[in-house]
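Undergrad: To be precise about what I am sending: the file is called input-v2.txt and holds compact mmCIF, C-alpha atoms and all ligand atoms.
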# COMPACT_ATOMS: atom_id res chain seq x y z
CA VAL A 24 27.79 8.86 -103.47
CA THR A 25 29.63 6.40 -101.31
CA PRO A 26 27.79 3.28 -100.25
CA ALA A 27 27.42 2.92 -96.52
CA THR A 28 28.94 -0.53 -96.45
CA ARG A 29 31.38 -1.88 -98.97
CA SER A 30 30.97 -5.47 -99.93
CA ARG A 31 33.73 -7.94 -100.56
CA PRO A 32 34.70 -8.61 -104.18
CA ALA A 33 32.24 -10.99 -105.87
CA ARG A 34 34.47 -14.03 -105.61
CA ALA A 35 38.18 -14.51 -106.05
CA LYS A 36 37.73 -16.12 -109.48
CA ARG A 37 40.64 -16.32 -111.87
CA ALA A 38 43.32 -13.75 -111.19
CA VAL A 39 42.80 -11.80 -114.39
CA SER A 40 44.93 -8.76 -114.93
CA ALA A 41 43.52 -5.57 -116.38
CA ARG A 42 45.12 -2.41 -117.66
CA THR A 43 43.83 0.51 -115.64
CA ILE A 44 43.47 4.14 -116.66
CA ASN A 45 42.46 6.61 -113.98
CA VAL A 46 40.26 9.39 -115.38
CA LYS A 47 40.27 12.77 -113.66
CA THR A 48 37.47 15.25 -114.05
CA ALA A 49 38.08 18.99 -113.96
CA SER A 50 34.90 20.00 -112.12
CA SER A 51 35.54 17.62 -109.28
CA PRO A 52 39.15 16.44 -108.91
CA ALA A 53 37.93 14.25 -106.06
CA HIS A 54 35.84 12.34 -108.57
CA ARG A 55 38.23 10.04 -110.37
CA TYR A 56 37.31 6.75 -111.81
CA ASP A 57 39.06 3.76 -113.23
CA VAL A 58 38.68 2.37 -116.71
CA LEU A 59 39.63 -1.31 -116.57
CA ILE A 60 40.64 -2.92 -119.85
CA GLY A 61 41.23 -6.66 -120.20
CA LYS A 62 39.99 -10.09 -121.17
CA SER A 63 37.36 -11.91 -119.09
CA ILE A 64 37.13 -9.15 -116.48
CA LEU A 65 33.39 -8.44 -116.53
CA HIS A 66 32.84 -10.29 -113.24
CA ARG A 67 34.97 -7.58 -111.56
CA ALA A 68 32.61 -4.77 -112.58
CA LEU A 69 30.90 -4.48 -109.20
CA ASP A 70 33.88 -5.19 -106.91
CA GLY A 71 33.76 -2.94 -103.87
CA LEU A 72 30.76 -0.94 -105.11
CA THR A 73 27.86 -2.95 -103.74
CA THR A 74 25.99 -3.14 -100.48
CA PRO A 75 24.52 -6.53 -99.51
CA GLY A 76 20.75 -6.70 -99.78
CA ARG A 77 20.45 -3.65 -102.07
CA PRO A 78 18.93 -3.73 -105.59
CA ILE A 79 21.01 -3.18 -108.72
CA LEU A 80 19.48 -2.26 -112.07
CA ILE A 81 21.32 -3.84 -115.00
CA ILE A 82 20.40 -2.12 -118.28
CA ALA A 83 21.37 -4.41 -121.15
CA ASP A 84 21.35 -4.32 -124.93
CA ASP A 85 18.75 -6.91 -125.95
CA ARG A 86 20.95 -8.23 -128.78
CA LEU A 87 23.65 -9.46 -126.40
CA PHE A 88 23.95 -13.16 -125.74
CA HIS A 89 22.82 -14.35 -122.37
CA HIS A 90 26.37 -15.55 -121.59
CA THR A 91 27.71 -12.00 -122.18
CA VAL A 92 25.43 -10.43 -119.56
CA ARG A 93 25.49 -13.34 -117.10
CA PRO A 94 28.82 -12.47 -115.32
CA LEU A 95 27.23 -9.22 -114.10
CA PHE A 96 24.16 -10.99 -112.83
CA THR A 97 26.30 -13.63 -111.11
CA ALA A 98 28.56 -10.98 -109.57
CA ALA A 99 25.53 -9.11 -108.19
CA LYS A 100 24.10 -12.30 -106.70
CA ALA A 101 27.50 -13.26 -105.24
CA ALA A 102 27.60 -9.86 -103.53
CA SER A 103 24.16 -10.65 -102.01
CA CYS A 104 22.48 -7.92 -104.06
CA LYS A 105 19.15 -8.08 -105.88
CA PRO A 106 19.78 -7.60 -109.60
CA THR A 107 16.96 -6.58 -111.96
CA LEU A 108 17.37 -6.58 -115.73
CA ALA A 109 15.94 -3.98 -118.12
CA PHE A 110 16.50 -4.46 -121.84
CA VAL A 111 16.96 -1.85 -124.50
CA ARG A 112 16.65 -2.33 -128.26
CA ALA A 113 19.63 -0.26 -129.43
CA THR A 114 18.42 1.93 -132.29
CA GLU A 115 18.69 5.70 -132.68
CA ALA A 116 14.88 5.85 -133.04
CA ASN A 117 14.62 4.19 -129.65
CA LYS A 118 17.14 6.50 -127.94
CA THR A 119 14.32 8.72 -126.73
CA LEU A 120 12.70 10.24 -123.68
CA ALA A 121 10.07 7.47 -123.87
CA THR A 122 12.77 4.80 -123.39
CA LEU A 123 14.35 6.88 -120.63
CA ASP A 124 10.95 7.00 -118.92
CA ARG A 125 10.70 3.20 -119.12
CA LEU A 126 14.17 2.83 -117.56
CA LEU A 127 13.34 5.30 -114.77
CA GLN A 128 10.19 3.29 -114.08
CA ALA A 129 12.31 0.11 -113.91
CA ALA A 130 14.61 1.82 -111.38
CA ALA A 131 11.64 2.91 -109.28
CA ALA A 132 9.99 -0.53 -109.51
CA ALA A 133 13.27 -2.12 -108.32
CA ARG A 134 13.21 0.43 -105.44
CA LEU A 135 16.63 1.85 -106.16
CA GLU A 136 17.71 4.50 -103.67
CA ARG A 137 20.19 7.32 -104.03
CA SER A 138 23.16 5.18 -102.98
CA ASP A 139 22.29 2.26 -105.29
CA LEU A 140 23.81 1.34 -108.60
CA ILE A 141 22.85 1.17 -112.27
CA VAL A 142 25.03 -0.96 -114.54
CA ALA A 143 24.95 -0.49 -118.30
CA ILE A 144 26.04 -3.26 -120.67
CA GLY A 145 25.86 -2.58 -124.40
CA GLY A 146 26.98 -0.16 -127.08
CA GLY A 147 26.89 3.65 -127.03
CA ILE A 148 23.09 3.79 -127.24
CA VAL A 149 22.74 1.77 -124.06
CA THR A 150 25.53 3.61 -122.17
CA ASP A 151 24.08 7.02 -123.22
CA LEU A 152 20.57 6.00 -122.14
CA ALA A 153 21.61 4.27 -118.91
CA GLY A 154 23.95 7.17 -118.08
CA PHE A 155 21.08 9.64 -118.54
CA ALA A 156 18.80 7.45 -116.40
CA ALA A 157 21.52 7.40 -113.69
CA ALA A 158 21.96 11.19 -113.96
CA THR A 159 18.25 11.84 -113.48
CA TYR A 160 16.90 9.07 -111.25
CA ARG A 161 16.57 10.64 -107.78
CA ARG A 162 18.80 13.44 -109.16
CA GLY A 163 21.73 11.11 -109.60
CA VAL A 164 22.81 7.57 -108.78
CA ARG A 165 26.08 5.84 -109.61
CA VAL A 166 26.53 4.10 -112.95
CA VAL A 167 29.07 1.51 -114.08
CA HIS A 168 29.53 1.22 -117.84
CA CYS A 169 30.41 -2.09 -119.47
CA PRO A 170 30.73 -1.21 -123.17
CA THR A 171 30.34 -4.04 -125.69
CA THR A 172 31.11 -2.26 -128.99
CA LEU A 173 34.53 -0.97 -129.94
CA LEU A 174 33.00 2.47 -130.40
CA ALA A 175 31.55 2.54 -126.90
CA MET A 176 34.85 1.20 -125.48
CA VAL A 177 37.04 3.91 -126.97
CA ASP A 178 34.55 6.75 -126.83
CA ALA A 179 30.95 6.67 -125.57
CA SER A 180 31.54 5.01 -122.18
CA VAL A 181 34.24 7.44 -121.04
CA GLY A 182 33.78 11.14 -120.30
CA GLY A 183 30.31 11.38 -118.79
CA LYS A 184 28.22 12.60 -121.73
CA THR A 185 24.78 11.01 -121.60
CA GLY A 186 21.61 11.72 -123.53
CA VAL A 187 18.78 10.98 -125.91
CA ASN A 188 17.61 12.15 -129.33
CA ILE A 189 14.64 14.43 -129.92
CA GLU A 190 12.42 14.09 -132.97
CA LEU A 191 11.00 17.24 -134.54
CA PRO A 192 7.77 16.24 -136.29
CA ALA A 193 7.20 17.01 -139.96
CA SER A 194 6.07 20.55 -140.64
CA GLY A 195 5.12 22.05 -143.98
CA SER A 196 7.47 20.61 -146.60
CA ARG A 197 10.02 19.54 -143.99
CA SER A 198 10.15 15.86 -143.12
CA PRO A 199 10.66 14.79 -139.48
CA VAL A 200 14.17 15.50 -138.16
CA LEU A 201 15.91 13.42 -135.50
CA LEU A 202 18.07 15.78 -133.44
CA LYS A 203 20.92 13.68 -132.10
CA ASN A 204 21.69 13.83 -128.38
CA MET A 205 19.70 17.04 -128.00
CA ALA A 206 18.69 16.32 -124.38
CA GLY A 207 21.16 14.99 -121.86
CA ALA A 208 23.40 15.54 -118.87
CA PHE A 209 27.02 15.26 -117.85
CA HIS A 210 27.24 12.37 -115.43
CA GLN A 211 30.58 10.67 -114.93
CA PRO A 212 30.55 6.91 -114.39
CA THR A 213 31.86 5.38 -111.20
CA ARG A 214 33.80 2.79 -113.19
CA VAL A 215 34.16 1.59 -116.77
CA VAL A 216 34.89 -2.08 -117.43
CA ILE A 217 36.06 -2.94 -120.93
CA ASP A 218 36.01 -6.71 -121.37
CA THR A 219 37.31 -7.63 -124.82
CA ASP A 220 35.45 -11.00 -124.68
CA THR A 221 32.23 -9.08 -125.30
CA LEU A 222 33.49 -8.04 -128.76
CA GLU A 223 33.42 -11.63 -130.01
CA SER A 224 29.81 -11.39 -131.16
CA LEU A 225 30.14 -7.89 -132.64
CA PRO A 226 29.43 -7.88 -136.40
CA LEU A 227 32.27 -6.82 -138.73
CA ARG A 228 30.47 -3.66 -139.85
CA GLN A 229 30.11 -2.52 -136.23
CA ARG A 230 33.81 -3.18 -135.57
CA ARG A 231 34.72 -1.05 -138.54
CA SER A 232 32.43 1.68 -137.26
CA GLY A 233 34.31 1.65 -133.93
CA LEU A 234 37.66 1.82 -135.66
CA ALA A 235 36.46 4.93 -137.50
CA GLU A 236 36.14 6.67 -134.11
CA CYS A 237 39.77 5.58 -133.46
CA LEU A 238 40.76 7.39 -136.67
CA LYS A 239 39.15 10.53 -135.24
CA HIS A 240 41.19 10.26 -132.03
CA ALA A 241 44.33 9.57 -134.05
CA LEU A 242 43.80 12.74 -136.08
CA ILE A 243 43.71 14.95 -132.98
CA ALA A 244 46.18 12.98 -130.84
CA GLY A 245 49.17 14.93 -132.18
CA GLY A 246 48.38 17.74 -129.77
CA LEU A 247 47.42 15.40 -126.97
CA GLY A 248 50.61 13.61 -126.15
CA ASP A 249 50.41 10.73 -128.67
CA ALA A 250 51.93 12.15 -131.84
CA ARG A 251 52.42 8.69 -133.37
CA LEU A 252 48.85 7.48 -132.95
CA TRP A 253 47.87 8.43 -136.52
CA SER A 254 50.69 6.50 -138.20
CA TRP A 255 50.33 3.56 -135.80
CA THR A 256 46.56 3.35 -136.36
CA SER A 257 46.63 3.81 -140.12
CA ASP A 258 49.42 1.20 -140.41
CA PHE A 259 47.63 -1.66 -138.76
CA ILE A 260 44.17 -0.67 -139.89
CA ILE A 261 45.11 -2.27 -143.22
CA GLU A 262 44.40 -5.65 -141.62
CA PRO A 263 42.40 -4.65 -138.56
CA TRP A 264 40.85 -8.13 -138.14
CA LEU A 265 44.21 -9.75 -137.79
CA LEU A 266 44.93 -7.69 -134.69
CA LYS A 267 46.59 -9.68 -131.96
CA HIS A 268 44.90 -9.40 -128.61
CA ASN A 269 47.72 -7.28 -127.20
CA GLU A 270 47.36 -4.87 -130.12
CA LEU A 271 43.63 -4.62 -129.54
CA LEU A 272 44.29 -3.81 -125.88
CA GLU A 273 46.88 -1.22 -126.91
CA LEU A 274 44.43 0.33 -129.40
CA ILE A 275 41.72 0.62 -126.76
CA GLU A 276 44.13 1.90 -124.11
CA ARG A 277 45.70 4.60 -126.30
CA ASN A 278 42.28 5.80 -127.46
CA VAL A 279 40.85 5.92 -123.94
CA ARG A 280 43.93 7.90 -122.85
CA VAL A 281 43.34 10.49 -125.59
CA LYS A 282 39.71 10.84 -124.58
CA ALA A 283 40.58 10.97 -120.85
CA ARG A 284 43.15 13.73 -121.44
CA VAL A 285 40.61 15.90 -123.25
CA VAL A 286 37.88 15.29 -120.68
CA ALA A 287 40.23 16.07 -117.77
CA GLY A 288 40.93 19.47 -119.31
CA ASP A 289 37.36 20.44 -120.23
CA GLU A 290 34.80 18.13 -118.70
CA ARG A 291 31.72 20.19 -119.62
CA GLU A 292 32.82 21.48 -123.00
CA LEU A 293 33.17 25.02 -121.74
CA ALA A 294 36.57 25.84 -123.29
CA SER A 295 36.71 28.81 -125.63
CA THR A 296 36.59 28.33 -129.40
CA ARG A 297 40.30 29.21 -129.40
CA ALA A 298 41.27 26.56 -126.84
CA GLY A 299 39.03 23.92 -128.42
CA GLY A 300 38.91 21.65 -125.38
CA ARG A 301 36.35 18.88 -125.48
CA MET A 302 34.80 20.29 -128.64
CA LEU A 303 37.77 18.77 -130.51
CA LEU A 304 36.30 15.32 -129.91
CA ASN A 305 33.47 16.40 -132.21
CA LEU A 306 35.81 16.38 -135.20
CA GLY A 307 33.70 15.21 -138.14
CA HIS A 308 30.50 15.13 -136.07
CA THR A 309 28.71 18.24 -137.41
CA PHE A 310 28.91 16.69 -140.88
CA ALA A 311 28.16 13.21 -139.50
CA HIS A 312 25.01 14.16 -137.59
CA ALA A 313 23.54 15.70 -140.76
CA ILE A 314 23.74 12.42 -142.70
CA GLU A 315 23.73 9.75 -140.03
CA THR A 316 19.98 9.18 -139.82
CA LEU A 317 19.17 9.71 -143.52
CA PRO A 318 17.32 6.80 -145.11
CA GLY A 319 17.80 5.81 -148.74
CA LEU A 320 21.58 6.17 -149.00
CA SER A 321 23.67 3.58 -150.77
CA TRP A 322 27.38 2.92 -151.04
CA LYS A 323 29.94 0.33 -151.92
CA VAL A 324 32.91 -0.42 -149.70
CA THR A 325 36.22 -0.51 -151.56
CA GLY A 326 37.18 -4.08 -152.51
CA GLU A 327 33.74 -5.54 -151.71
CA ARG A 328 30.98 -6.49 -154.13
CA ALA A 329 27.83 -5.81 -152.18
CA ILE A 330 26.06 -2.48 -152.25
CA THR A 331 24.89 -1.43 -148.78
CA ARG A 332 21.77 0.69 -148.37
CA GLY A 333 21.39 3.39 -145.69
CA PRO A 334 21.11 4.47 -142.94
CA LEU A 335 24.77 4.75 -141.99
CA LEU A 336 26.21 3.60 -138.68
CA HIS A 337 27.52 6.32 -136.36
CA GLY A 338 31.20 5.53 -137.01
CA GLU A 339 30.63 5.38 -140.79
CA ALA A 340 29.05 8.83 -140.69
CA VAL A 341 31.90 10.10 -138.50
CA ALA A 342 34.48 8.76 -140.98
CA LEU A 343 32.72 10.62 -143.82
CA GLY A 344 32.63 13.66 -141.54
CA LEU A 345 36.42 13.38 -140.98
CA LEU A 346 36.90 13.32 -144.73
CA ALA A 347 34.69 16.40 -145.24
CA ALA A 348 36.39 18.30 -142.39
CA THR A 349 39.81 17.47 -143.88
CA ARG A 350 38.62 18.75 -147.28
CA VAL A 351 37.54 22.02 -145.63
CA SER A 352 40.90 22.22 -143.79
CA ALA A 353 42.80 21.78 -147.03
CA GLN A 354 40.75 24.53 -148.73
CA LEU A 355 41.58 26.89 -145.83
CA LYS A 356 45.26 25.81 -146.08
CA LEU A 357 45.22 24.48 -142.51
CA CYS A 358 46.66 21.21 -143.80
CA GLU A 359 48.28 19.96 -146.99
CA PRO A 360 45.94 18.31 -149.53
CA GLU A 361 47.88 15.04 -148.97
CA LEU A 362 46.06 14.66 -145.66
CA ILE A 363 42.82 14.15 -147.66
CA ASP A 364 44.46 11.18 -149.43
CA ASP A 365 45.75 9.79 -146.13
CA VAL A 366 42.28 9.94 -144.56
CA ARG A 367 40.63 8.43 -147.68
CA TYR A 368 43.22 5.66 -147.80
CA ALA A 369 42.73 4.83 -144.12
CA MET A 370 38.94 4.72 -144.66
CA MET A 371 39.30 2.46 -147.72
CA SER A 372 41.60 0.10 -145.82
CA LEU A 373 39.18 0.06 -142.94
CA GLY A 374 36.18 -0.73 -145.15
CA VAL A 375 33.92 2.24 -144.49
CA PRO A 376 32.23 4.23 -147.29
CA ILE A 377 34.18 7.07 -148.86
CA SER A 378 31.31 8.25 -151.07
CA LEU A 379 27.52 8.00 -151.03
CA ARG A 380 24.60 7.86 -153.44
CA GLY A 381 21.12 9.20 -152.69
CA LEU A 382 22.18 12.24 -150.68
CA PRO A 383 19.87 15.26 -150.53
CA LYS A 384 21.09 18.48 -152.16
CA PRO A 385 24.17 20.04 -150.46
CA ASN A 386 22.08 23.01 -149.24
CA VAL A 387 19.67 20.65 -147.48
CA ILE A 388 22.61 18.93 -145.74
CA LEU A 389 24.03 22.32 -144.77
CA ASP A 390 20.66 23.22 -143.27
CA ARG A 391 20.68 20.01 -141.25
CA MET A 392 24.20 20.84 -140.05
CA ARG A 393 22.86 24.10 -138.62
CA ASN A 394 20.77 22.05 -136.16
CA ASP A 395 24.05 21.03 -134.53
CA LYS A 396 24.37 21.80 -130.80
CA LYS A 397 27.64 23.67 -131.43
CA THR A 398 25.86 26.25 -133.59
CA THR A 399 25.77 29.62 -131.81
CA ALA A 400 23.87 32.65 -133.09
CA GLY A 401 23.28 30.70 -136.29
CA LYS A 402 27.06 30.36 -136.91
CA LEU A 403 28.30 26.88 -137.69
CA ARG A 404 31.32 25.86 -135.64
CA LEU A 405 33.51 23.30 -137.32
CA ILE A 406 36.41 21.31 -135.92
CA LEU A 407 39.16 21.12 -138.52
CA PRO A 408 42.20 18.84 -138.53
CA VAL A 409 45.70 20.28 -138.64
CA ARG A 410 48.25 17.53 -139.30
CA GLY A 411 50.43 16.59 -136.35
CA LYS A 412 48.72 19.08 -134.07
CA ARG A 413 45.52 19.49 -132.11
CA ALA A 414 42.57 20.21 -134.42
CA ILE A 415 41.19 23.74 -134.29
CA VAL A 416 37.68 25.15 -133.98
CA ARG A 417 36.51 27.73 -136.55
CA ASP A 418 33.21 29.56 -136.79
CA ASP A 419 34.12 31.60 -139.86
CA VAL A 420 34.34 28.91 -142.52
CA PRO A 421 33.01 30.18 -145.87
CA THR A 422 29.78 28.42 -146.85
CA ALA A 423 31.26 27.65 -150.29
CA ALA A 424 34.07 25.60 -148.71
CA ILE A 425 31.56 23.55 -146.71
CA LEU A 426 29.33 22.98 -149.76
CA ARG A 427 32.34 21.81 -151.81
CA ALA A 428 33.26 19.30 -149.10
CA ILE A 429 29.65 18.01 -149.01
CA LYS A 430 29.50 17.72 -152.81
CA ALA A 431 32.71 15.67 -152.78
CA TRP A 432 30.81 12.86 -150.98
CA ASN A 433 29.15 12.18 -154.35
CA ASP A 434 32.53 11.57 -156.07
N1 LIG B 501 28.46 9.76 -124.84
C1 LIG B 501 29.44 9.91 -125.69
O1 LIG B 501 30.47 10.52 -125.40
C2 LIG B 501 29.31 9.28 -127.05
C3 LIG B 501 30.43 9.22 -127.89
C4 LIG B 501 30.30 8.58 -129.12
C5 LIG B 501 29.08 8.03 -129.50
N2 LIG B 501 28.01 8.14 -128.66
C6 LIG B 501 26.71 7.55 -129.04
O2 LIG B 501 26.89 6.16 -129.17
C7 LIG B 501 25.94 5.65 -130.10
C8 LIG B 501 26.66 4.72 -131.04
O3 LIG B 501 27.22 3.69 -130.29
P1 LIG B 501 27.55 2.26 -130.90
O4 LIG B 501 28.24 2.38 -132.19
O5 LIG B 501 28.18 1.47 -129.81
O6 LIG B 501 26.11 1.74 -131.32
P2 LIG B 501 24.94 0.89 -130.68
O7 LIG B 501 24.80 1.07 -129.24
O8 LIG B 501 23.78 1.18 -131.55
O9 LIG B 501 25.40 -0.60 -130.97
C9 LIG B 501 25.53 -1.00 -132.31
C10 LIG B 501 24.78 -2.30 -132.61
O10 LIG B 501 25.52 -3.39 -132.09
C11 LIG B 501 24.72 -4.18 -131.23
N3 LIG B 501 25.65 -4.67 -130.23
C12 LIG B 501 26.21 -4.01 -129.20
N4 LIG B 501 27.15 -4.76 -128.62
C13 LIG B 501 27.17 -5.95 -129.28
C14 LIG B 501 27.94 -7.13 -129.16
N5 LIG B 501 28.92 -7.24 -128.27
N6 LIG B 501 27.68 -8.14 -130.02
C15 LIG B 501 26.72 -8.03 -130.97
N7 LIG B 501 25.97 -6.93 -131.15
C16 LIG B 501 26.21 -5.90 -130.30
C17 LIG B 501 23.62 -3.26 -130.77
O11 LIG B 501 22.45 -3.96 -130.41
C18 LIG B 501 23.41 -2.41 -132.00
O12 LIG B 501 22.61 -3.09 -132.93
C19 LIG B 501 25.33 6.84 -130.80
O13 LIG B 501 24.03 7.02 -130.32
C20 LIG B 501 26.22 8.00 -130.38
O14 LIG B 501 25.51 9.22 -130.31
C21 LIG B 501 28.10 8.73 -127.45
Output the file's structure as structure tokens, nothing else.
Ligand SMILES: NC(=O)c1ccc[n+]([C@@H]2O[C@H](COP(=O)([O-])OP(=O)(O)OC[C@H]3O[C@@H](n4cnc5c(N)ncnc54)[C@H](O)[C@@H]3O)[C@@H](O)[C@H]2O)c1
TA:
Amino acid sequence: VTPATRSRPARAKRAVSARTINVKTASSPAHRYDVLIGKSILHRALDGLTTPGRPILIIADDRLFHHTVRPLFTAAKAASCKPTLAFVRATEANKTLATLDRLLQAAAAARLERSDLIVAIGGGIVTDLAGFAAATYRRGVRVVHCPTTLLAMVDASVGGKTGVNIELPASGSRSPVLLKNMAGAFHQPTRVVIDTDTLESLPLRQRRSGLAECLKHALIAGGLGDARLWSWTSDFIIEPWLLKHNELLELIERNVRVKARVVAGDERELASTRAGGRMLLNLGHTFAHAIETLPGLSWKVTGERAITRGPLLHGEAVALGLLAATRVSAQLKLCEPELIDDVRYAMMSLGVPISLRGLPKPNVILDRMRNDKKTTAGKLRLILPVRGKRAIVRDDVPTAAILRAIKAWND
């Protein structure tokens, strides 16, 4: 949707340069959007997208500092728009249809029309929820994503997947199950603005979780034009907090490029099992979704004293999923066993758990894995890493190999 009148940029503030990646989408080559990456660039998020006098709904993570969100508010005011703020408490239990309903009500109360704009500022929970609200409000309004976690910067904010979780209530002996991202829509953003200033308040554990998603990209990047991403990532991940700003920008840029390349080839995840397509981005996720919301887990991060108690963060679960998928790959001789050590070593250096206590029995985890969206006709589809190449998708993995990989989380 193109606004009738384009406004002037908010104000010629500092001339701040940003790296720009243009993302193409397969279903609509005409729909391309820019991902801007840089420092102190949030005030540019609305440039050229606003119409004076119109409302803008800003959906913000309620844990962000006021000064993090303020540049958006100021930019909207400077463009003579009427900004309204709606806050979201970013938890998986809150990523629901009820929260979506509240956001849609906020859009209606602010009198947003079809050509108006929603802006999301927060981590992946906020961008998924705000993206879904934008996809459904009046059957689709534009959304600008301003991710504030590393994970949302390199993954969730790019590619147009939006959605919420669905909770299946307890029945019989089964406890309630939270089905991750079970309702949603594909809705590409109009722009993504990655301002590295927003990471300053992000807790260490959340940063590590984001870097785990970078490990996932690095494992599949061999077949996606960045063969050296694995060695580059695992080299500097040893001291990830000493990253110079330029390295952080390079990390974000290379990861967004990997994601953009996959999305351009298979926007709606329709590629065949053989081609893999967008499904490859789910490497580790079938395992991860089965353990990610489990309470009562505990683990110790290598080199640290404290014992952490569950639930896991998304990136932590994905890292454990990468490890399990690599263990399955090695059993099927799709990769050498050394790749398991490489992945474990990268996870240890990064400071995410490599083993867990308090897991349910392997069969129970396998059963939870079968709730995965990629399951067809009851067959589990797993993405498996193949060193130096694109990962592959297999739906014929012997159950015993999967159970062995799950059991190894107890080691
Ligand atoms: N749509 C996609 O393609 C896609 C891809 C990957 C993940 N996801 C989804 O993303 C979600 C995970 O995203 P996430 O890891 O960003 O988690 P999140 O949104 O839960 O954010 C993590 C925590 O950090 C806080 N936070 C966010 N930004 C902050 C900041 N700058 N400073 C301080 N605290 C901050 C949040 O309040 C929250 O407590 C999952 O729901 C996952 O399903 C979606």
Undergrad: Using all atoms listed in the file, which residues have at least one atom no more than 7 Å from ligand LIG 501 (chain B)? Output them as a PyMOL selection string.
TA: chain A and resi 84-87+112-115+145-149+151+171-175+178-185+203-204+221-226+229+232-233+336-338
Undergrad: Find, counting all atoms listed in the file, the residue in A:Glu315, A:Glu136, A:Asp418, A:Asp124 that gets nearest to Arg404 of chain A.
TA: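 Ranking A:Glu315, A:Glu136, A:Asp418, A:Asp124 by distance to Arg404 of chain A, first place goes to A:Asp418.
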Undergrad: Considering all atoms listed in the file, return as a PyMOL selection string whatever protein or nucleic-acid residues lie within 8 Å of Val92 of chain A, sequence-local ones (same chain, fewer than 4 positions apart) excluded.
TA: chain A and resi 83+87-88+96+144
Undergrad: At a cut-off of 9 Å, using all atoms listed in the file, what residues contact Asp289 of chain A? Leave out same-chain residues fewer than 4 positions from it and give the result as a list in words.
TA: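 The residues satisfying every condition are Thr48, Ala49, Ser50, Arg284, Val285, Leu293, Ala294, Gly300, Arg301 and Met302 of chain A.
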Undergrad: Between A:Leu80, A:Val187, A:Leu379, A:Leu355, which one has atoms that come closest to Lys323 of chain A, using only C-alpha atoms?
TA: A:Leu379
Undergrad: At most 6 Å from (28.4, 20.7, -148.8), file frame, all atoms listed in the file: which residues, as a PyMOL selection string?
TA: chain A and resi 385+425-430
Undergrad: Mind giving me the straight-line distance from atom CA of Leu95 of chain A to atom CA of Val167 of chain A in Å, one decimal?
TA: 10.9 Å
Undergrad: Mind checking which residues fall within 12 Å of Arg134 of chain A, counting all atoms listed in the file, ignoring those fewer than 2 positions away in the same chain, and posting them as a list in words?
TA: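 Contacts, with the query itself left out: Gly76, Arg77, Pro78, Ile79, Leu80, Lys105, Pro106, Thr107, Leu127, Gln128, Ala129, Ala130, Ala131, Ala132, Glu136, Arg137, Ser138, Asp139, Leu140, Ile141, Tyr160 and Arg161 of chain A.
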Undergrad: Point out the residue among A:Val142, A:Leu304, A:Val279, A:Leu320 with the least atom-to-atom distance to Lys239 of chain A, counting only C-alpha atoms.
TA: A:Leu304
Undergrad: Can you work out the spacing between atom CA of Arg125 of chain A and atom CA of Pro170 of chain A in Å, to one decimal?
TA: 20.9 Å
Undergrad: If we count all atoms listed in the file, what is near Val215 of chain A at a cut-off of 12 Å, once residues fewer than 3 positions away on the same chain are taken out, given as number ranges by chain?
TA: A: 41-46, 55-61, 64-65, 67-70, 142-144, 150, 154, 165-171, 175-183, 211-212, 218, 279
Undergrad: Scan for residues within 12 Å of the point (37.7, -6.2, -150.0) in the coordinates of the file, using only C-alpha atoms, and reply as a compact mmCIF listing (two decimals) with C-alpha atoms, keeping the file's coordinate frame.
TA:
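What landed in result02.txt:
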# COMPACT_ATOMS: atom_id res chain seq x y z
CA ILE A 261 45.11 -2.27 -143.22
CA GLU A 262 44.40 -5.65 -141.62
CA LYS A 323 29.94 0.33 -151.92
CA VAL A 324 32.91 -0.42 -149.70
CA THR A 325 36.22 -0.51 -151.56
CA GLY A 326 37.18 -4.08 -152.51
CA GLU A 327 33.74 -5.54 -151.71
CA ARG A 328 30.98 -6.49 -154.13
CA ALA A 329 27.83 -5.81 -152.18
CA MET A 371 39.30 2.46 -147.72
CA SER A 372 41.60 0.10 -145.82
CA LEU A 373 39.18 0.06 -142.94
CA GLY A 374 36.18 -0.73 -145.15
CA VAL A 375 33.92 2.24 -144.49
Undergrad: Measuring atom to atom with only C-alpha atoms, identify which of A:Leu242, A:Ala311, A:Ala353, A:Ile415 is nearest to Leu335 of chain A.
TA: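 Using only C-alpha atoms, the shortest distance to Leu335 of chain A belongs to A:Ala311.
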Undergrad: Any chance you could export segment 401-414 of chain A with C-alpha atoms, as a compact mmCIF listing (two decimals), in the first residue's frame?
TA:
# COMPACT_ATOMS: atom_id res chain seq x y z
CA GLY A 401 2.51 -38.03 11.05
CA LYS A 402 6.06 -38.12 9.58
CA LEU A 403 8.63 -35.97 11.32
CA ARG A 404 10.65 -33.82 8.94
CA LEU A 405 14.08 -32.93 10.23
CA ILE A 406 16.61 -30.46 8.87
CA LEU A 407 20.07 -31.97 9.11
CA PRO A 408 23.41 -30.20 8.73
CA VAL A 409 25.90 -31.31 6.10
CA ARG A 410 29.26 -29.62 6.65
CA GLY A 411 30.18 -26.95 4.12
CA LYS A 412 26.92 -27.38 2.23
CA ARG A 413 23.27 -26.45 2.52
CA ALA A 414 21.52 -28.56 5.18
